[in-house]
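A.B. asks: Have a look at the structure that comes next, please.
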Amino acid sequence: MDRSYLTLALSKGRLADQALELLEAAGIDCRAARVESRRLILEDPDAKLRFIMAKPADVPTYVEYGAADLGVVGKDTLLEEGRQLYEVLNLGFGACRLCVCGPEALQGRLDRIPNKRVATKYPRVARDFFELKKRESVEIIRLNGSVELAPLVGLAEVIVDIVESGRTLKENGLAVLETIAPVSARMVVNRVSMKMKADRIAPLLAAVRAELEVRRSRTEERRHDR
């Protein structure tokens, strides 16, 4: 693979669309990534720019090992993967929370349940929260989908999952019991690339940072007008 390219790893789906919109607003030509294709690597030979379309959980791995110079991925994935890279920008979109959730009857009583079973897609995050922060011994049960089902069928007392609107929780008689961390999309950079390709990465980060400031200013103006 040509190392003269600047390579960005993007999470497939909505996060990639929002990342491309932000990059384009910052003046970065992303037409190569907009091409309708099943290809997983999209290149702009003139701009020496390459886009890798990957599963969200894999983006930090591509960046850590240098297969990508930069990446855009959710904070929840970064916390779970624990990769060695630079987290340089909070992009703001994809906002939600990583939470401990369970039956509403457990509100205010979570600490009273010994040896809890915790079902989650985020075993590292869950273990760190309960065993390191709360000093509790828990049994982690890894699930890959419909985590809300676990407390309903008695598989686990609580779950750790991302919460956006909370609608799915409410419809299943569950509630947020504790918030672990706020989550949003982040831009990350490979540690070696940050030095070796600083002439290309630094201007890109400056352009994105400037666009984020413009967006924040607009948001503040709208709040003030209300």
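Letters for chains follow the order of the structure tokens (A, B, ...), residue numbers begin at 1 for each chain, and ligand numbers begin at 1 in the order shown.
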Name the residues of range 122-199 of chain A that come out as alpha helix (DSSP H) in a backbone DSSP run; write them as a PyMOL selection string.
C.D. replies: chain A and resi 123-127+149-152+167-171+191-196+198-199
A.B. asks: Dump N, CA and C atoms for the selected residues as a PDB file, in the first residue's frame?
C.D. replies:
ATOM      1  N   PRO A 123     -17.631  -5.618  27.592  1.00  0.00           N
ATOM      2  CA  PRO A 123     -17.126  -6.297  28.792  1.00  0.00           C
ATOM      3  C   PRO A 123     -15.982  -5.556  29.481  1.00  0.00           C
ATOM      4  N   ARG A 124     -15.099  -4.940  28.719  1.00  0.00           N
ATOM      5  CA  ARG A 124     -13.981  -4.209  29.326  1.00  0.00           C
ATOM      6  C   ARG A 124     -14.486  -2.996  30.111  1.00  0.00           C
ATOM      7  N   VAL A 125     -15.369  -2.233  29.494  1.00  0.00           N
ATOM      8  CA  VAL A 125     -15.931  -1.049  30.148  1.00  0.00           C
ATOM      9  C   VAL A 125     -16.686  -1.452  31.411  1.00  0.00           C
ATOM     10  N   ALA A 126     -17.499  -2.496  31.302  1.00  0.00           N
ATOM     11  CA  ALA A 126     -18.305  -2.939  32.448  1.00  0.00           C
ATOM     12  C   ALA A 126     -17.418  -3.408  33.596  1.00  0.00           C
ATOM     13  N   ARG A 127     -16.420  -4.207  33.267  1.00  0.00           N
ATOM     14  CA  ARG A 127     -15.540  -4.722  34.316  1.00  0.00           C
ATOM     15  C   ARG A 127     -14.766  -3.595  35.002  1.00  0.00           C
ATOM     16  N   LEU A 149     -32.751  -7.472  26.572  1.00  0.00           N
ATOM     17  CA  LEU A 149     -33.480  -8.709  26.834  1.00  0.00           C
ATOM     18  C   LEU A 149     -32.963  -9.429  28.091  1.00  0.00           C
ATOM     19  N   ALA A 150     -31.680  -9.252  28.401  1.00  0.00           N
ATOM     20  CA  ALA A 150     -31.044 -10.023  29.479  1.00  0.00           C
ATOM     21  C   ALA A 150     -31.754  -9.930  30.829  1.00  0.00           C
ATOM     22  N   PRO A 151     -32.057  -8.725  31.340  1.00  0.00           N
ATOM     23  CA  PRO A 151     -32.748  -8.674  32.639  1.00  0.00           C
ATOM     24  C   PRO A 151     -34.198  -9.136  32.563  1.00  0.00           C
ATOM     25  N   LEU A 152     -34.781  -9.107  31.377  1.00  0.00           N
ATOM     26  CA  LEU A 152     -36.180  -9.506  31.228  1.00  0.00           C
ATOM     27  C   LEU A 152     -36.368 -11.011  31.334  1.00  0.00           C
ATOM     28  N   ARG A 167     -35.803   5.363  24.843  1.00  0.00           N
ATOM     29  CA  ARG A 167     -37.132   4.852  24.495  1.00  0.00           C
ATOM     30  C   ARG A 167     -37.216   3.331  24.600  1.00  0.00           C
ATOM     31  N   THR A 168     -36.185   2.636  24.070  1.00  0.00           N
ATOM     32  CA  THR A 168     -36.201   1.166  24.119  1.00  0.00           C
ATOM     33  C   THR A 168     -36.204   0.674  25.554  1.00  0.00           C
ATOM     34  N   LEU A 169     -35.433   1.331  26.413  1.00  0.00           N
ATOM     35  CA  LEU A 169     -35.412   0.959  27.831  1.00  0.00           C
ATOM     36  C   LEU A 169     -36.813   1.102  28.431  1.00  0.00           C
ATOM     37  N   LYS A 170     -37.418   2.260  28.216  1.00  0.00           N
ATOM     38  CA  LYS A 170     -38.723   2.544  28.811  1.00  0.00           C
ATOM     39  C   LYS A 170     -39.775   1.550  28.350  1.00  0.00           C
ATOM     40  N   GLU A 171     -39.746   1.210  27.047  1.00  0.00           N
ATOM     41  CA  GLU A 171     -40.752   0.292  26.518  1.00  0.00           C
ATOM     42  C   GLU A 171     -40.599  -1.120  27.072  1.00  0.00           C
ATOM     43  N   ARG A 191       0.098   7.283  16.368  1.00  0.00           N
ATOM     44  CA  ARG A 191       1.160   8.019  17.055  1.00  0.00           C
ATOM     45  C   ARG A 191       2.350   8.331  16.147  1.00  0.00           C
ATOM     46  N   VAL A 192       2.714   7.373  15.296  1.00  0.00           N
ATOM     47  CA  VAL A 192       3.835   7.603  14.380  1.00  0.00           C
ATOM     48  C   VAL A 192       3.437   8.578  13.278  1.00  0.00           C
ATOM     49  N   SER A 193       2.241   8.411  12.747  1.00  0.00           N
ATOM     50  CA  SER A 193       1.759   9.294  11.681  1.00  0.00           C
ATOM     51  C   SER A 193       1.704  10.748  12.134  1.00  0.00           C
ATOM     52  N   MET A 194       1.361  10.956  13.409  1.00  0.00           N
ATOM     53  CA  MET A 194       1.278  12.316  13.924  1.00  0.00           C
ATOM     54  C   MET A 194       2.603  13.059  13.745  1.00  0.00           C
ATOM     55  N   LYS A 195       3.707  12.318  13.805  1.00  0.00           N
ATOM     56  CA  LYS A 195       5.033  12.932  13.623  1.00  0.00           C
ATOM     57  C   LYS A 195       5.477  12.879  12.166  1.00  0.00           C
ATOM     58  N   MET A 196       5.335  11.702  11.536  1.00  0.00           N
ATOM     59  CA  MET A 196       5.874  11.505  10.194  1.00  0.00           C
ATOM     60  C   MET A 196       5.050  12.205   9.113  1.00  0.00           C
ATOM     61  N   ALA A 198       3.018  14.985   9.811  1.00  0.00           N
ATOM     62  CA  ALA A 198       2.513  16.190  10.467  1.00  0.00           C
ATOM     63  C   ALA A 198       2.166  17.282   9.461  1.00  0.00           C
ATOM     64  N   ASP A 199       2.888  17.341   8.336  1.00  0.00           N
ATOM     65  CA  ASP A 199       2.646  18.381   7.340  1.00  0.00           C
ATOM     66  C   ASP A 199       1.272  18.248   6.700  1.00  0.00           C
TER      67      ASP A 199
END
A.B. asks: Tell me, as a list in words, which residues lie within 10 Å of Ile28 in chain A, counting only C-alpha atoms; anything in the same chain fewer than 6 positions away does not count.
C.D. replies: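 In the requested form, the answer reads Leu20, Glu21, Leu22, Ala47, Leu49, Leu204, Ala207 and Val208 of chain A.
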A.B. asks: I'd like to know which of A:Leu91, A:Val100, A:Leu212, A:Ala156 is closest to Gly71 in chain A, using only C-alpha atoms.
C.D. replies: A:Leu91
A.B. asks: List every residue of range 3-55 of chain A that DSSP, applied to the backbone, labels as strand (DSSP E), and write the result as a list of chain:residue names.
C.D. replies: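 Matching residues for strand (DSSP E) in range 3-55 of chain A are A:Leu6, A:Thr7, A:Leu8, A:Ala9, A:Leu10, A:Ser11, A:Ile41, A:Leu42, A:Glu43, A:Asp44, A:Leu49, A:Arg50, A:Phe51, A:Ile52, A:Met53, A:Ala54.
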A.B. asks: Those same residues - C-alpha atoms - I'd like them written as a compact mmCIF listing (two decimals), in the first residue's frame.
C.D. replies:
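Now in again-v2.txt:
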# COMPACT_ATOMS: atom_id res chain seq x y z
CA LEU A 6 -3.07 9.98 3.96
CA THR A 7 -5.43 7.22 5.09
CA LEU A 8 -8.62 7.75 7.09
CA ALA A 9 -10.55 4.86 8.65
CA LEU A 10 -14.28 5.50 8.98
CA SER A 11 -16.98 3.55 10.79
CA ILE A 41 -10.83 1.12 0.14
CA LEU A 42 -11.63 4.30 -1.79
CA GLU A 43 -8.81 6.47 -3.12
CA ASP A 44 -8.27 9.94 -4.56
CA LEU A 49 -6.17 10.61 0.09
CA ARG A 50 -7.50 7.16 0.98
CA PHE A 51 -10.62 6.13 2.89
CA ILE A 52 -11.01 2.75 4.61
CA MET A 53 -14.57 1.70 5.42
CA ALA A 54 -14.47 -0.57 8.47
A.B. asks: Neighbours of Glu211 in chain A within 9 Å (only C-alpha atoms; same-chain residues fewer than 5 positions away dropped), as a ChimeraX atom specification?
C.D. replies: /A:22-23,25-26,206,216
A.B. asks: Applying 7 Å and only C-alpha atoms, which residues near Ile162 in chain A remain after dropping the ones on its own chain fewer than 4 positions away? List them as a ChimeraX atom specification.
C.D. replies: /A:96-99
A.B. asks: Just checking: using only C-alpha atoms, which residue out of A:Glu136, A:Arg223, A:Arg209, A:Ile141 ends up closest to Arg112 in chain A?
C.D. replies: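 Of the candidates, the smallest distance to Arg112 in chain A is held by A:Glu136.
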A.B. asks: Determine the nearest neighbour of Phe130 in chain A from the options A:Arg142, A:Lys116, A:Arg218, A:Arg34, counting only C-alpha atoms.
C.D. replies: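 Residue with the minimum atom-to-atom distance to Phe130 in chain A: A:Lys116.
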A.B. asks: Please identify all polymer residues within 9 Å of Arg14 in chain A, counting only C-alpha atoms, omitting same-chain residues fewer than 4 positions from it, and present them as a PyMOL selection string.
C.D. replies: chain A and resi 18-19+94
A.B. asks: Could you write out the selected residues, including N, CA and C atoms, as a compact mmCIF listing (two decimals), in the first residue's frame?
C.D. replies:
# COMPACT_ATOMS: atom_id res chain seq x y z
N GLN A 18 -21.71 11.27 8.70
CA GLN A 18 -21.55 12.50 9.48
C GLN A 18 -20.10 12.98 9.46
N ALA A 19 -19.15 12.04 9.48
CA ALA A 19 -17.74 12.40 9.42
C ALA A 19 -17.40 13.04 8.08
N GLY A 94 -23.17 11.95 17.09
CA GLY A 94 -23.30 10.60 17.63
C GLY A 94 -23.37 10.60 19.15
A.B. asks: So that I can check the surroundings of Thr61 in chain A, please list as number ranges by chain every protein, DNA and RNA residue that reaches within 10 Å of it, counting only C-alpha atoms and ignoring chain neighbours fewer than 5 positions away.
C.D. replies: A: 9, 56, 66-68, 71, 78, 81-85, 190
A.B. asks: How many Å separate CA of Val158 in chain A from CA of Phe129 in chain A?
C.D. replies: 13.2 Å
A.B. asks: Can you work out the spacing between CA of Ala105 in chain A and CA of Val183 in chain A in Å, to one decimal?
C.D. replies: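 Straight-line distance from CA of Ala105 in chain A to CA of Val183 in chain A works out to 26.0 Å.
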A.B. asks: Identify which of the residues A:Leu155, A:Cys101, A:Ala33, A:Ile113 lies closest to Asn172 in chain A, counting only C-alpha atoms when measuring atom-to-atom distances.
C.D. replies: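 Result for the nearest residue to Asn172 in chain A: A:Cys101.
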A.B. asks: Find the residue from A:Leu40, A:Ala119, A:Ala16, A:Ala185 that sits nearest to Ala95 in chain A; use only C-alpha atoms when measuring.
C.D. replies: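 Among the listed residues, A:Ala185 lies closest to Ala95 in chain A.
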